[in-house]
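Structure data follow from input_4.tsv (TSV, C-alpha atoms):
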```
chain	number	residue	atom	x	y	z
T	1	MET	CA	54.46	52.11	-23.84
T	2	ASP	CA	52.29	48.99	-23.78
T	3	ASN	CA	50.41	47.76	-20.73
T	4	PRO	CA	50.09	43.97	-20.29
T	5	ARG	CA	46.67	44.39	-18.71
T	6	PHE	CA	45.35	46.56	-21.51
T	7	SER	CA	47.48	46.17	-24.60
T	8	LEU	CA	47.44	48.50	-27.56
T	9	GLU	CA	46.14	45.61	-29.71
T	10	GLU	CA	43.23	45.08	-27.36
T	11	PHE	CA	42.50	48.79	-27.37
T	12	LYS	CA	42.45	48.81	-31.19
T	13	ALA	CA	40.12	45.78	-31.18
T	14	LEU	CA	37.76	47.55	-28.80
T	15	PHE	CA	37.71	50.75	-30.82
T	16	PRO	CA	38.10	49.72	-34.44
T	17	ASP	CA	37.95	52.45	-37.13
T	18	ARG	CA	37.46	55.12	-34.54
T	19	PHE	CA	40.57	57.20	-34.96
T	20	GLU	CA	41.90	58.90	-38.04
T	21	SER	CA	45.61	58.86	-37.24
T	22	GLN	CA	48.14	56.80	-35.35
T	23	GLU	CA	48.89	59.79	-33.08
T	24	LYS	CA	45.24	59.99	-32.14
T	25	VAL	CA	45.16	56.24	-31.43
T	26	LEU	CA	48.15	56.53	-29.11
T	27	SER	CA	46.83	59.58	-27.31
T	28	GLU	CA	43.45	57.90	-26.72
T	29	TYR	CA	45.16	54.70	-25.60
T	30	HIS	CA	47.23	56.62	-23.06
T	31	SER	CA	44.15	58.38	-21.74
T	32	PHE	CA	42.56	54.97	-21.04
T	33	LEU	CA	45.76	53.75	-19.38
T	34	MET	CA	45.56	56.77	-17.10
T	35	LEU	CA	41.95	55.91	-16.38
T	36	LEU	CA	42.91	52.36	-15.35
T	37	GLU	CA	45.60	53.81	-13.08
T	38	GLN	CA	43.00	56.00	-11.43
T	39	LEU	CA	40.68	53.02	-10.95
T	40	ASP	CA	43.48	51.11	-9.24
T	41	ARG	CA	43.39	53.75	-6.53
T	42	VAL	CA	40.24	52.12	-5.16
T	43	PRO	CA	41.51	49.03	-3.35
T	44	VAL	CA	39.23	46.21	-2.25
T	45	PRO	CA	39.29	46.01	1.55
T	46	GLU	CA	40.64	42.74	2.97
T	47	LEU	CA	38.21	40.31	4.55
T	48	PRO	CA	39.09	39.77	8.22
T	49	ALA	CA	40.26	36.24	9.01
T	50	GLY	CA	37.38	35.72	11.44
T	51	THR	CA	34.81	36.65	8.81
T	52	LYS	CA	36.42	34.30	6.30
T	53	ALA	CA	36.29	31.47	8.81
T	54	GLU	CA	32.65	32.17	9.62
T	55	ILE	CA	31.61	32.21	5.95
T	56	PHE	CA	33.34	28.88	5.43
T	57	ARG	CA	31.78	27.32	8.53
T	58	ARG	CA	28.24	28.29	7.48
T	59	SER	CA	28.70	27.27	3.86
T	60	TRP	CA	30.24	23.91	4.70
T	61	GLN	CA	27.57	23.11	7.27
T	62	ALA	CA	24.78	23.92	4.82
T	63	ARG	CA	26.08	21.56	2.13
T	64	PRO	CA	23.95	18.54	1.28
T	65	GLN	CA	25.07	15.50	3.27
T	66	GLY	CA	26.00	12.19	1.66
T	67	TRP	CA	27.41	13.67	-1.52
T	68	SER	CA	29.88	10.96	-2.18
T	69	HIS	CA	27.45	8.08	-2.59
T	70	ALA	CA	24.22	9.75	-3.62
T	71	TRP	CA	25.76	12.06	-6.20
T	72	SER	CA	27.81	9.38	-7.86
T	73	TRP	CA	24.71	7.54	-9.04
T	74	LEU	CA	22.58	10.65	-9.38
T	75	GLY	CA	25.30	11.97	-11.69
T	76	LEU	CA	24.78	8.84	-13.76
T	77	LEU	CA	21.09	9.69	-14.13
T	78	ARG	CA	22.01	13.04	-15.66
T	79	ARG	CA	23.75	11.43	-18.62
T	80	PRO	CA	21.52	11.72	-21.70
T	81	ALA	CA	21.96	8.07	-22.69
T	82	VAL	CA	20.92	6.85	-19.25
T	83	THR	CA	17.99	9.25	-19.14
T	84	PHE	CA	16.94	8.10	-22.59
T	85	ALA	CA	17.18	4.44	-21.57
T	86	MET	CA	15.13	5.17	-18.47
T	87	GLY	CA	12.55	6.88	-20.66
T	88	ILE	CA	12.38	3.80	-22.88
T	89	ILE	CA	11.99	1.49	-19.89
T	90	LEU	CA	9.31	3.66	-18.34
T	91	GLY	CA	7.58	4.00	-21.71
T	92	CYS	CA	7.58	0.23	-22.20
T	93	SER	CA	6.21	-0.30	-18.70
T	94	LEU	CA	3.46	2.18	-19.43
T	95	MET	CA	2.60	0.49	-22.72
T	96	PHE	CA	2.60	-2.88	-20.99
T	97	ALA	CA	0.21	-1.60	-18.34
T	98	VAL	CA	-2.06	-0.04	-20.96
T	99	ALA	CA	-2.00	-3.19	-23.12
T	100	ARG	CA	-3.09	-5.28	-20.16
T	101	GLY	CA	-6.03	-2.95	-19.66
T	102	ARG	CA	-5.00	-1.74	-16.27
T	103	PRO	CA	-5.81	1.83	-15.47
T	104	VAL	CA	-2.71	3.93	-15.00
T	105	VAL	CA	-2.79	5.10	-11.45
T	106	PRO	CA	-0.97	8.37	-10.95
T	107	GLN	CA	1.31	8.29	-7.95
T	108	ALA	CA	1.08	11.38	-5.88
T	109	ALA	CA	4.41	12.93	-5.09
T	110	THR	CA	5.13	13.11	-1.41
T	111	PRO	CA	8.14	14.80	0.08
T	112	GLN	CA	9.25	11.50	1.60
T	113	GLN	CA	9.51	9.65	-1.72
T	114	ALA	CA	12.89	9.47	-3.42
T	115	LEU	CA	11.29	9.57	-6.86
T	116	ALA	CA	7.59	9.82	-7.66
T	117	VAL	CA	6.38	9.28	-11.20
T	118	GLU	CA	3.01	10.51	-12.35
T	119	ARG	CA	1.91	9.22	-15.73
T	120	THR	CA	-0.83	10.82	-17.76
T	121	GLY	CA	-1.29	9.95	-21.41
T	122	TYR	CA	2.01	10.58	-23.15
T	123	THR	CA	3.43	12.53	-20.25
T	124	GLN	CA	5.48	11.43	-17.26
T	125	ILE	CA	6.09	13.79	-14.38
T	126	TYR	CA	9.02	13.12	-12.04
T	127	THR	CA	9.13	14.67	-8.61
T	128	GLY	CA	10.66	13.85	-5.23
T	129	LYS	CA	13.95	14.01	-3.39
T	130	ILE	CA	16.10	12.89	-6.30
T	131	VAL	CA	14.83	15.66	-8.55
T	132	GLU	CA	15.22	18.18	-5.73
T	133	ARG	CA	18.83	17.15	-5.25
T	134	LEU	CA	19.52	17.40	-8.94
T	135	TYR	CA	18.35	21.01	-8.95
T	136	PRO	CA	18.86	22.33	-5.41
T	137	GLN	CA	18.41	25.99	-6.42
T	138	ILE	CA	14.97	25.36	-7.89
T	139	GLU	CA	11.93	25.25	-5.62
T	140	ASN	CA	9.40	22.44	-6.16
T	141	PRO	CA	11.25	21.10	-9.17
T	142	LYS	CA	9.53	18.63	-11.46
T	143	ILE	CA	10.71	17.10	-14.69
T	144	VAL	CA	8.07	16.56	-17.34
T	145	VAL	CA	8.95	14.05	-20.04
T	146	GLU	CA	6.64	14.27	-23.02
T	147	ARG	CA	6.53	12.15	-26.14
T	148	PRO	CA	3.68	13.38	-28.33
T	149	GLU	CA	4.21	10.70	-30.97
T	150	LYS	CA	5.71	7.25	-30.86
T	151	SER	CA	8.42	8.14	-33.36
T	152	SER	CA	9.31	11.52	-31.89
T	153	ALA	CA	12.15	12.04	-29.43
T	154	PRO	CA	11.02	12.65	-25.85
T	155	GLN	CA	11.03	16.27	-24.69
T	156	ARG	CA	12.20	16.91	-21.14
T	157	VAL	CA	11.29	20.11	-19.39
T	158	LEU	CA	12.13	21.22	-15.85
T	159	TYR	CA	9.45	23.26	-14.07
T	160	GLY	CA	9.87	25.03	-10.73
T	161	THR	CA	10.21	28.40	-9.05
T	162	LEU	CA	12.87	30.69	-7.57
T	163	ASP	CA	12.84	33.39	-4.88
T	164	ASP	CA	10.03	31.83	-2.84
T	165	GLY	CA	7.82	31.37	-5.85
T	166	GLU	CA	8.38	34.86	-7.28
T	167	THR	CA	10.05	33.58	-10.42
T	168	SER	CA	8.81	30.65	-12.48
T	169	VAL	CA	11.38	28.46	-14.12
T	170	VAL	CA	10.75	26.53	-17.33
T	171	TRP	CA	13.91	24.92	-18.64
T	172	ASN	CA	14.23	22.60	-21.62
T	173	LEU	CA	16.62	19.84	-20.56
F	1	MET	CA	53.43	30.37	0.80
F	2	ASP	CA	50.60	28.00	1.67
F	3	GLU	CA	51.76	24.55	2.69
F	4	HIS	CA	49.06	23.05	0.46
F	5	ASP	CA	50.05	25.00	-2.64
F	6	TRP	CA	51.38	21.90	-4.33
F	7	ILE	CA	47.99	20.17	-4.16
F	8	THR	CA	45.91	20.79	-7.25
F	9	ASP	CA	42.36	22.13	-7.12
F	10	LYS	CA	41.23	18.87	-8.73
F	11	ALA	CA	42.64	16.78	-5.87
F	12	LEU	CA	41.12	19.11	-3.28
F	13	ILE	CA	37.72	18.98	-5.00
F	14	GLU	CA	37.74	15.18	-5.10
F	15	ALA	CA	38.58	15.05	-1.41
F	16	ALA	CA	35.93	17.67	-0.58
F	17	GLN	CA	33.37	15.69	-2.58
F	18	GLN	CA	34.15	12.77	-0.28
F	19	GLY	CA	33.39	14.99	2.71
F	20	ASP	CA	36.94	16.04	3.61
F	21	ARG	CA	36.49	19.31	5.50
F	22	ASP	CA	40.19	20.23	5.49
F	23	ALA	CA	40.40	19.89	1.72
F	24	ALA	CA	37.30	22.05	1.35
F	25	ALA	CA	38.81	24.65	3.69
F	26	CYS	CA	42.04	24.68	1.70
F	27	LEU	CA	40.11	25.12	-1.55
F	28	TYR	CA	38.06	27.88	0.05
F	29	HIS	CA	41.06	29.81	1.36
F	30	ARG	CA	42.76	29.51	-2.00
F	31	HIS	CA	39.87	31.28	-3.75
F	32	ILE	CA	38.01	33.36	-1.17
F	33	ASP	CA	39.88	36.62	-1.87
F	34	ARG	CA	39.10	36.46	-5.58
F	35	VAL	CA	35.42	35.77	-4.91
F	36	HIS	CA	35.36	38.68	-2.47
F	37	ARG	CA	37.02	41.00	-5.01
F	38	ILE	CA	34.52	40.09	-7.73
F	39	CYS	CA	31.51	40.51	-5.43
F	40	HIS	CA	32.83	43.77	-4.00
F	41	ARG	CA	33.41	45.32	-7.43
F	42	ILE	CA	30.07	44.25	-8.87
F	43	VAL	CA	27.80	44.77	-5.87
F	44	LEU	CA	29.58	48.04	-4.91
F	45	ASP	CA	27.73	48.28	-1.60
F	46	PRO	CA	30.02	47.05	1.23
F	47	SER	CA	27.01	46.32	3.42
F	48	GLN	CA	25.81	43.79	0.81
F	49	THR	CA	29.15	42.28	-0.18
F	50	LEU	CA	29.49	39.85	2.70
F	51	ASP	CA	25.99	38.45	2.14
F	52	CYS	CA	26.85	38.02	-1.50
F	53	VAL	CA	30.13	36.22	-0.74
F	54	GLN	CA	28.28	33.96	1.69
F	55	GLU	CA	25.67	33.16	-0.96
F	56	VAL	CA	28.39	32.29	-3.47
F	57	TRP	CA	30.01	29.77	-1.14
F	58	LEU	CA	26.69	28.26	-0.13
F	59	LYS	CA	26.04	27.63	-3.83
F	60	VAL	CA	29.56	26.31	-4.37
F	61	PHE	CA	29.41	23.73	-1.58
F	62	ARG	CA	25.85	22.75	-2.50
F	63	SER	CA	26.87	22.08	-6.08
F	64	LEU	CA	30.44	20.86	-5.60
F	65	GLY	CA	29.26	17.24	-5.70
F	66	ARG	CA	28.14	17.79	-9.27
F	67	PHE	CA	31.33	19.55	-10.41
F	68	ARG	CA	32.84	17.29	-13.06
F	69	GLY	CA	35.83	19.42	-14.03
F	70	ARG	CA	34.75	20.19	-17.60
F	71	SER	CA	36.01	23.73	-16.98
F	72	SER	CA	38.60	24.82	-14.44
F	73	PHE	CA	37.39	25.27	-10.88
F	74	ALA	CA	38.43	28.93	-11.00
F	75	ALA	CA	36.32	29.56	-14.12
F	76	TRP	CA	33.34	27.73	-12.58
F	77	LEU	CA	33.74	29.72	-9.37
F	78	ASN	CA	34.11	33.05	-11.21
F	79	SER	CA	30.90	32.28	-13.05
F	80	ILE	CA	28.99	31.58	-9.83
F	81	ALA	CA	30.49	34.65	-8.14
F	82	ALA	CA	29.74	37.04	-11.02
F	83	ASN	CA	26.19	35.81	-11.57
F	84	THR	CA	25.40	35.78	-7.86
F	85	ALA	CA	26.77	39.32	-7.53
F	86	ILE	CA	24.69	40.52	-10.50
F	87	ASP	CA	21.55	38.94	-9.01
F	88	HIS	CA	22.39	40.39	-5.61
F	89	TYR	CA	22.89	43.88	-7.02
F	90	ARG	CA	19.65	43.75	-9.03
F	91	ARG	CA	17.65	42.38	-6.09
F	92	ALA	CA	18.99	45.06	-3.75
F	93	LYS	CA	18.29	47.75	-6.32
F	94	ARG	CA	14.73	46.45	-6.87
F	95	GLN	CA	14.03	46.32	-3.15
F	96	GLY	CA	15.59	49.73	-2.62
F	97	ASN	CA	18.20	48.29	-0.24
F	98	HIS	CA	21.12	49.55	-2.21
F	99	VAL	CA	22.83	52.33	-0.31
F	100	ASP	CA	24.91	54.93	-2.04
F	101	VAL	CA	28.44	54.58	-0.88
F	102	ASP	CA	29.29	57.95	0.48
F	103	ASP	CA	32.50	57.60	2.36
F	104	PRO	CA	31.61	59.07	5.77
F	105	GLU	CA	35.22	60.03	6.27
F	106	VAL	CA	35.09	62.27	3.24
F	107	GLU	CA	32.57	64.54	4.86
F	108	SER	CA	34.53	64.79	8.08
F	109	LEU	CA	37.80	65.27	6.24
F	110	ALA	CA	36.27	67.92	4.04
F	111	ALA	CA	35.23	69.79	7.14
F	112	ASP	CA	38.58	69.35	8.78
F	113	GLU	CA	41.06	71.75	7.22
F	114	ARG	CA	43.89	70.48	9.36
F	115	THR	CA	43.98	67.08	7.60
F	116	GLY	CA	46.53	66.63	4.86
F	117	GLU	CA	45.37	67.72	1.41
F	118	GLN	CA	46.70	64.62	-0.25
F	119	GLN	CA	44.73	62.36	2.08
F	120	LEU	CA	41.56	64.27	1.31
F	121	ASP	CA	42.31	64.12	-2.41
F	122	ASP	CA	42.68	60.36	-2.29
F	123	ARG	CA	39.42	59.89	-0.50
F	124	LEU	CA	37.58	62.22	-2.83
F	125	VAL	CA	39.02	60.45	-5.84
F	126	ARG	CA	37.88	57.11	-4.44
F	127	GLN	CA	34.41	58.44	-3.86
F	128	ARG	CA	34.21	59.88	-7.40
F	129	ILE	CA	35.32	56.55	-8.85
F	130	GLN	CA	32.79	54.68	-6.75
F	131	GLU	CA	30.01	57.01	-7.94
F	132	ALA	CA	31.12	56.64	-11.55
F	133	LEU	CA	31.07	52.84	-11.26
F	134	GLU	CA	27.56	52.96	-9.83
F	135	GLU	CA	26.30	54.82	-12.87
F	136	ILE	CA	27.36	52.04	-15.22
F	137	SER	CA	24.99	49.13	-15.89
F	138	VAL	CA	25.79	46.01	-13.92
F	139	SER	CA	26.45	43.94	-17.06
F	140	GLN	CA	28.93	46.50	-18.37
F	141	ARG	CA	30.59	46.72	-14.98
F	142	THR	CA	30.81	42.93	-14.68
F	143	ALA	CA	32.40	42.56	-18.11
F	144	PHE	CA	34.92	45.27	-17.25
F	145	VAL	CA	35.74	43.85	-13.81
F	146	LEU	CA	36.24	40.32	-15.11
F	147	ARG	CA	38.43	41.49	-18.00
F	148	TYR	CA	40.70	44.02	-16.28
F	149	TYR	CA	40.74	42.95	-12.66
F	150	GLU	CA	40.44	39.18	-13.03
F	151	ASP	CA	42.18	38.88	-16.40
F	152	MET	CA	39.50	36.67	-17.91
F	153	SER	CA	39.25	36.21	-21.67
F	154	LEU	CA	36.35	37.56	-23.72
F	155	PRO	CA	34.96	34.06	-24.52
F	156	GLU	CA	34.98	33.18	-20.80
F	157	ILE	CA	33.16	36.40	-19.93
F	158	ALA	CA	30.67	35.81	-22.74
F	159	ARG	CA	29.92	32.35	-21.29
F	160	ILE	CA	29.38	33.82	-17.82
F	161	LEU	CA	27.12	36.62	-19.02
F	162	GLY	CA	25.30	34.37	-21.48
F	163	CYS	CA	25.98	36.64	-24.44
F	164	ARG	CA	28.20	36.84	-27.50
F	165	GLU	CA	31.80	38.01	-27.48
F	166	GLY	CA	30.81	41.06	-29.50
F	167	THR	CA	28.38	42.07	-26.78
F	168	VAL	CA	31.09	41.73	-24.14
F	169	ARG	CA	33.34	43.96	-26.24
F	170	THR	CA	30.52	46.52	-26.47
F	171	HIS	CA	29.97	46.35	-22.69
F	172	ILE	CA	33.66	46.99	-22.03
F	173	ARG	CA	33.90	49.79	-24.60
F	174	ARG	CA	30.86	51.58	-23.17
F	175	CYS	CA	32.13	51.12	-19.64
F	176	LEU	CA	35.53	52.59	-20.49
F	177	LEU	CA	34.01	55.54	-22.34
F	178	ALA	CA	31.53	56.26	-19.56
F	179	LEU	CA	34.20	56.07	-16.87
F	180	ARG	CA	36.53	58.29	-18.81
F	181	ALA	CA	33.81	60.83	-19.51
F	182	ARG	CA	32.80	60.85	-15.87
F	183	LEU	CA	36.20	60.71	-14.23
F	184	MET	CA	38.95	62.23	-16.28
F	185	ALA	CA	37.49	65.71	-16.42
F	186	GLU	CA	36.93	65.76	-12.67
F	187	LEU	CA	40.17	64.10	-11.71
F	188	ASN	CA	42.26	66.32	-13.92
F	189	GLN	CA	40.89	69.42	-12.25
```
For this file, produce the structure as structure tokens.
Amino acid sequence: MDNPRFSLEEFKALFPDRFESQEKVLSEYHSFLMLLEQLDRVPVPELPAGTKAEIFRRSWQARPQGWSHAWSWLGLLRRPAVTFAMGIILGCSLMFAVARGRPVVPQAATPQQALAVERTGYTQIYTGKIVERLYPQIENPKIVVERPEKSSAPQRVLYGTLDDGETSVVWNL
Amino acid sequence: MDEHDWITDKALIEAAQQGDRDAAACLYHRHIDRVHRICHRIVLDPSQTLDCVQEVWLKVFRSLGRFRGRSSFAAWLNSIAANTAIDHYRRAKRQGNHVDVDDPEVESLAADERTGEQQLDDRLVRQRIQEALEEISVSQRTAFVLRYYEDMSLPEIARILGCREGTVRTHIRRCLLALRARLMAELNQ
């Protein structure tokens, strides 16, 4: 007797080379089928309709507003080619500023700014609302784009925290 | 049958991304029971399950705008639900909030000899199973739940757990062996 949820083939794949005879295989297989039957005796209680409605109401209300417009162009920013092109443009601007002898003034990130860029040497740090919307689960997210050498590809790393600062996040993008 | 059954998830997601509350509600009601099942079976503590389900849907609606349909919505949702439930379980365990699920009725039924034996048996069996599931690591339990209750494939589970297929197979094998060792002897008595 084969069970569609736990087929004999799957059982054999889970326990390869474990049993010496076909009889033993079948007897073990049947003991696991019995186990699954026992486990089915613990049903998951139904969620009351009122609770379902309340969970939906809270979740929907807490969603970020203005998805449709903001996310369509923010989604564009997440494409590697666009990000790379932006890196080139920003890099060129930086070189232009350096070539003209102007000091590079770091822009402090304020919560009101959509995107703040802080440039130091070969590093650009992006903070602000746009970055926060890109990574809503991360607290104080910042993207650091680093290009140690002219010829090397830029490295992008996301820094931030989780659980009210308990966990640090460092993610290579 | 739901009157919106003929509408695909994709269409509902696109409408919800445009801010259509009804489409979002339809999508939610289509999948809420599965999310609840996954959370319930991984978190194991009924007092924590609702918080976990809420957290899943907060994440879903926060990130729905970025869902591009590279995987199916159900697979994406299962992934959020399983990972949120694992985090929830670990956090509760770390903070000592996880309560052992002793069915209060079991104690009263055990003391009440007038209640039907079969009813008592069922409740005791459920409690034994619950205890056995609690003794298994959360990764093993998650792999098992997703494979046998949600019928997900090994590659899908591997993606969710961030491990290789072989590791998922090991998780499931250990889970089955542990459950059998713990349960069959007792239940056959």
Pull the closest atom pair for each residue of chain F that gets at most 8 Å from chain T, along with the distance in Å to one decimal, counting all atoms listed in the file, ordering rows by chain and then ascending residue number, as JSON lines.
```
{"residue": "F:Gln17", "atom": "CA", "partner": "T:Ser68", "partner_atom": "CA", "distance": 5.9}
{"residue": "F:Gln18", "atom": "CA", "partner": "T:Ser68", "partner_atom": "CA", "distance": 5.0}
{"residue": "F:Gly19", "atom": "CA", "partner": "T:Ser68", "partner_atom": "CA", "distance": 7.2}
{"residue": "F:Arg21", "atom": "CA", "partner": "T:Trp60", "partner_atom": "CA", "distance": 7.8}
{"residue": "F:Ala25", "atom": "CA", "partner": "T:Phe56", "partner_atom": "CA", "distance": 7.1}
{"residue": "F:Tyr28", "atom": "CA", "partner": "T:Phe56", "partner_atom": "CA", "distance": 7.2}
{"residue": "F:Ile32", "atom": "CA", "partner": "T:Lys52", "partner_atom": "CA", "distance": 7.7}
{"residue": "F:Asp33", "atom": "CA", "partner": "T:Leu47", "partner_atom": "CA", "distance": 7.6}
{"residue": "F:His36", "atom": "CA", "partner": "T:Leu47", "partner_atom": "CA", "distance": 7.7}
{"residue": "F:Arg37", "atom": "CA", "partner": "T:Val44", "partner_atom": "CA", "distance": 6.3}
{"residue": "F:His40", "atom": "CA", "partner": "T:Val44", "partner_atom": "CA", "distance": 7.1}
{"residue": "F:Arg41", "atom": "CA", "partner": "T:Val44", "partner_atom": "CA", "distance": 7.8}
{"residue": "F:Val53", "atom": "CA", "partner": "T:Ile55", "partner_atom": "CA", "distance": 7.9}
{"residue": "F:Gln54", "atom": "CA", "partner": "T:Ile55", "partner_atom": "CA", "distance": 5.7}
{"residue": "F:Trp57", "atom": "CA", "partner": "T:Ser59", "partner_atom": "CA", "distance": 5.7}
{"residue": "F:Leu58", "atom": "CA", "partner": "T:Ser59", "partner_atom": "CA", "distance": 4.6}
{"residue": "F:Phe61", "atom": "CA", "partner": "T:Arg63", "partner_atom": "CA", "distance": 5.4}
{"residue": "F:Arg62", "atom": "CA", "partner": "T:Arg63", "partner_atom": "CA", "distance": 4.8}
{"residue": "F:Gly65", "atom": "CA", "partner": "T:Trp67", "partner_atom": "CA", "distance": 5.8}
{"residue": "F:Arg66", "atom": "CA", "partner": "T:Gly75", "partner_atom": "CA", "distance": 6.9}
{"residue": "F:Asp122", "atom": "CA", "partner": "T:Arg41", "partner_atom": "CA", "distance": 7.9}
{"residue": "F:Arg126", "atom": "CA", "partner": "T:Val42", "partner_atom": "CA", "distance": 5.6}
{"residue": "F:Ile129", "atom": "CA", "partner": "T:Leu39", "partner_atom": "CA", "distance": 6.8}
{"residue": "F:Tyr148", "atom": "CA", "partner": "T:Arg5", "partner_atom": "CA", "distance": 6.5}
{"residue": "F:Asp151", "atom": "CA", "partner": "T:Arg5", "partner_atom": "CA", "distance": 7.5}
{"residue": "F:Arg169", "atom": "CA", "partner": "T:Leu14", "partner_atom": "CA", "distance": 6.2}
{"residue": "F:Thr170", "atom": "CA", "partner": "T:Leu14", "partner_atom": "CA", "distance": 7.7}
{"residue": "F:Ile172", "atom": "CA", "partner": "T:Leu14", "partner_atom": "CA", "distance": 7.9}
{"residue": "F:Arg173", "atom": "CA", "partner": "T:Leu14", "partner_atom": "CA", "distance": 6.1}
{"residue": "F:Leu176", "atom": "CA", "partner": "T:Phe32", "partner_atom": "CA", "distance": 7.4}
{"residue": "F:Leu179", "atom": "CA", "partner": "T:Leu35", "partner_atom": "CA", "distance": 7.8}
{"residue": "F:Arg180", "atom": "CA", "partner": "T:Leu35", "partner_atom": "CA", "distance": 6.4}
{"residue": "F:Leu183", "atom": "CA", "partner": "T:Leu35", "partner_atom": "CA", "distance": 7.8}
{"residue": "F:Met184", "atom": "CA", "partner": "T:Leu35", "partner_atom": "CA", "distance": 7.0}
```
Q | Pick from F:Lys93, F:Thr8, F:Asp45, F:Asp51, whichever lies nearest to Arg30 in chain F using only C-alpha atoms | A | F:Thr8
Q. When you draw a straight line from CA of Val169 in chain T to CA of Leu154 in chain F, how long is it in Å?
A. 28.3 Å
Q.
Could you check the closest approach to Gln140 in chain F for each of F:Arg123, F:His31, F:Arg128, F:His171 and tell me which residue wins, using only C-alpha atoms?
A.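 Ranked by minimum distance to Gln140 in chain F, first place goes to F:His171.
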Q: Work out how far CA of Gly160 in chain T is from CA of Gln95 in chain F, in Å to one decimal.
A: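 Calculated distance between CA of Gln95 in chain F and CA of Gly160 in chain T is 23.0 Å.
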Q. So which residues touch range 143-146 of chain F within 12 Å, counting all atoms listed in the file, skipping near sequence neighbours fewer than 4 positions away, as a ChimeraX atom specification?
A. /T:5-6,36,39-40 /F:34-35,37-44,75,78-79,81-83,85-86,133,136-139,150-179
Since we have the selection now, will you write its residues out, keeping C-alpha atoms, as a short mmCIF file (atom, residue, chain, number, x, y, z; two decimals), in the coordinates of the input?
```cif
data_model
loop_
_atom_site.label_atom_id
_atom_site.label_comp_id
_atom_site.auth_asym_id
_atom_site.auth_seq_id
_atom_site.Cartn_x
_atom_site.Cartn_y
_atom_site.Cartn_z
CA ARG T 5 46.67 44.39 -18.71
CA PHE T 6 45.35 46.56 -21.51
CA LEU T 36 42.91 52.36 -15.35
CA LEU T 39 40.68 53.02 -10.95
CA ASP T 40 43.48 51.11 -9.24
CA ARG F 34 39.10 36.46 -5.58
CA VAL F 35 35.42 35.77 -4.91
CA ARG F 37 37.02 41.00 -5.01
CA ILE F 38 34.52 40.09 -7.73
CA CYS F 39 31.51 40.51 -5.43
CA HIS F 40 32.83 43.77 -4.00
CA ARG F 41 33.41 45.32 -7.43
CA ILE F 42 30.07 44.25 -8.87
CA VAL F 43 27.80 44.77 -5.87
CA LEU F 44 29.58 48.04 -4.91
CA ALA F 75 36.32 29.56 -14.12
CA ASN F 78 34.11 33.05 -11.21
CA SER F 79 30.90 32.28 -13.05
CA ALA F 81 30.49 34.65 -8.14
CA ALA F 82 29.74 37.04 -11.02
CA ASN F 83 26.19 35.81 -11.57
CA ALA F 85 26.77 39.32 -7.53
CA ILE F 86 24.69 40.52 -10.50
CA LEU F 133 31.07 52.84 -11.26
CA ILE F 136 27.36 52.04 -15.22
CA SER F 137 24.99 49.13 -15.89
CA VAL F 138 25.79 46.01 -13.92
CA SER F 139 26.45 43.94 -17.06
CA GLU F 150 40.44 39.18 -13.03
CA ASP F 151 42.18 38.88 -16.40
CA MET F 152 39.50 36.67 -17.91
CA SER F 153 39.25 36.21 -21.67
CA LEU F 154 36.35 37.56 -23.72
CA PRO F 155 34.96 34.06 -24.52
CA GLU F 156 34.98 33.18 -20.80
CA ILE F 157 33.16 36.40 -19.93
CA ALA F 158 30.67 35.81 -22.74
CA ARG F 159 29.92 32.35 -21.29
CA ILE F 160 29.38 33.82 -17.82
CA LEU F 161 27.12 36.62 -19.02
CA GLY F 162 25.30 34.37 -21.48
CA CYS F 163 25.98 36.64 -24.44
CA ARG F 164 28.20 36.84 -27.50
CA GLU F 165 31.80 38.01 -27.48
CA GLY F 166 30.81 41.06 -29.50
CA THR F 167 28.38 42.07 -26.78
CA VAL F 168 31.09 41.73 -24.14
CA ARG F 169 33.34 43.96 -26.24
CA THR F 170 30.52 46.52 -26.47
CA HIS F 171 29.97 46.35 -22.69
CA ILE F 172 33.66 46.99 -22.03
CA ARG F 173 33.90 49.79 -24.60
CA ARG F 174 30.86 51.58 -23.17
CA CYS F 175 32.13 51.12 -19.64
CA LEU F 176 35.53 52.59 -20.49
CA LEU F 177 34.01 55.54 -22.34
CA ALA F 178 31.53 56.26 -19.56
CA LEU F 179 34.20 56.07 -16.87
#
```
Q. In Å, how far is it from CA of Val144 in chain T to CA of Thr123 in chain T?
A.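 About the pair CA of Val144 in chain T and CA of Thr123 in chain T: they are 6.8 Å apart.
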Complete range 155-160 of chain T at the level of N, CA and C atoms, written as a PDB file, in the coordinates of the input.
```
ATOM      1  N   GLN T 155      10.637  14.925 -25.091  1.00  0.00           N
ATOM      2  CA  GLN T 155      11.030  16.270 -24.690  1.00  0.00           C
ATOM      3  C   GLN T 155      11.019  16.318 -23.169  1.00  0.00           C
ATOM      4  N   ARG T 156      12.122  16.836 -22.599  1.00  0.00           N
ATOM      5  CA  ARG T 156      12.200  16.910 -21.140  1.00  0.00           C
ATOM      6  C   ARG T 156      12.253  18.370 -20.709  1.00  0.00           C
ATOM      7  N   VAL T 157      11.345  18.715 -19.829  1.00  0.00           N
ATOM      8  CA  VAL T 157      11.290  20.110 -19.390  1.00  0.00           C
ATOM      9  C   VAL T 157      11.276  20.157 -17.858  1.00  0.00           C
ATOM     10  N   LEU T 158      12.099  21.048 -17.303  1.00  0.00           N
ATOM     11  CA  LEU T 158      12.130  21.220 -15.850  1.00  0.00           C
ATOM     12  C   LEU T 158      11.245  22.425 -15.476  1.00  0.00           C
ATOM     13  N   TYR T 159      10.297  22.185 -14.565  1.00  0.00           N
ATOM     14  CA  TYR T 159       9.450  23.260 -14.070  1.00  0.00           C
ATOM     15  C   TYR T 159       9.782  23.511 -12.596  1.00  0.00           C
ATOM     16  N   GLY T 160       9.652  24.719 -12.141  1.00  0.00           N
ATOM     17  CA  GLY T 160       9.870  25.030 -10.730  1.00  0.00           C
ATOM     18  C   GLY T 160       9.791  26.530 -10.516  1.00  0.00           C
TER      19      GLY T 160
END
```
